[in-house]
Amino acid sequence: MQAQYVRNDPGYIDCKKKECKKFDKGGKCLVTTCSASITFHVINIRTSIQFVFFGAGFQVPCVLAKSSILEFANSHKPLYGHLSSVDSTGTSMRVTWVSGDKNPQQVEYANGKSQTSRVTTFSKENMCTSKLPSPAKDFGWHDPGYIHSAVMMGLKPSTGFSYRYGSNSVGWSGRINFKTPPSGGSDELKFLAFGDMGKAPRDASLEHYIQPGSLRVVQAMADEVSSGNADSIFHIGDISYATGFLVEWDFFLHLISPLASKLSYMTAIGNHERDYVSSGSLYITPDSGGECGVPYESYFPMPTPAKDKPWYSIEQGSVHFVVISTEHDFSKSSEQVQY
């Protein structure tokens, strides 16, 4: 849910926009109300939406009016594609996107090549809960649709290509230009690294977790990418801060797609993706809101050894990256250190 106060329209408080709602027989206005206009940034979340006008606050809202149920023109549309590296060669790139369509789709790339997507999803039953209800399972659930992933092979490192993803039945993305990272062992790498970004609404809406700085970070990275100053991106932990309010993953993917669709976007898991009581995480905080790493690993498949083992190493250019999970045992004798 996103919400705005009508006071965001300054004319509403001063009642500068008056409308007559009731007239007498002679045409004289008997009841005048004040009107307001506010704007919402809406993205395709594949499910129906509705606007509700309410008062009395969030705890005990009094519903005053509702819009009709609104549907997206194409709830199966392929959306929010993003890239990641699968190894250190720079010759293969994975593209992952979401859709309301469960049937395999394709990625077409490099002037004639294509690969069919592998389709996954997750359900409410995959989320965690405890004696205290969790957002992910009990009150923040949103159907993720279907997550498509395909590996573009036969590429060359440090080289530009284009691709599109989708199908004839549900539609295609636009054609996107991207660049492969340099192969491991080559001379130079320009990369961006950061963590704890999250997301923020592109309107005046209130959400449960807002990081206003995320919009500035994305714009700064976009400037670096457009000027050719980045070969890859590493987002190290605390990815979307959805923390169980699962529709916010869609808003995060929408936010990063202009960047992550153009170059390798590598990630590491954080406490806000994984930690939950009795879930196997190293710490027993409720920080993931009951997600327990499932949405993160579904949306961001990395070259990890297995499910819920979100550690890996990879080389790009002259840099050897070792990505660990601090949400799992990382002692000297642990599985991931030995890996």
# chains A, B, ... in the order shown; residues from 1 in each chain; ligands from 1
$ select_by_dssp --residues "region 77-226 of chain A" --states "strand (DSSP E or B)" --output "NGL selection string"
:A and (79-85 or 93-99 or 106-109 or 113-116 or 118-120 or 146-152 or 160-167 or 171-172 or 176-179 or 191-194 or 206)
$ residues_around --residues "Trp141 (chain A)" --least-positions-apart "4" --cutoff "9 Å" --atoms "only C-alpha atoms" --output "JSON, numbers by chain"
{"A": [124, 135, 136, 137, 244, 245, 246, 247]}
$ residues_around --residues "Tyr296 (chain A)" --least-positions-apart "6" --cutoff "10 Å" --atoms "only C-alpha atoms" --output "PyMOL selection string"
chain A and resi 238-240+249+267-270+272-274+310
$ closest_residue --among "A:Gly145, A:Gly160, A:Gly317, A:Gly55" --to "Val6 (chain A)" --atoms "only C-alpha atoms"
A:Gly55
$ residues_around --residues "Leu253 (chain A)" --least-positions-apart "6" --cutoff "10 Å" --atoms "only C-alpha atoms" --output "list in words"
Leu79, Tyr80, Gly81, His82, Trp97, Val98, Lys199, Ser240, Ala260 and Tyr299 of chain A
$ select_by_dssp --residues "region 46-291 of chain A" --states "helix (DSSP H, G or I)" --output "PyMOL selection string"
chain A and resi 124-126+135-139+213-226+247-260+271-274
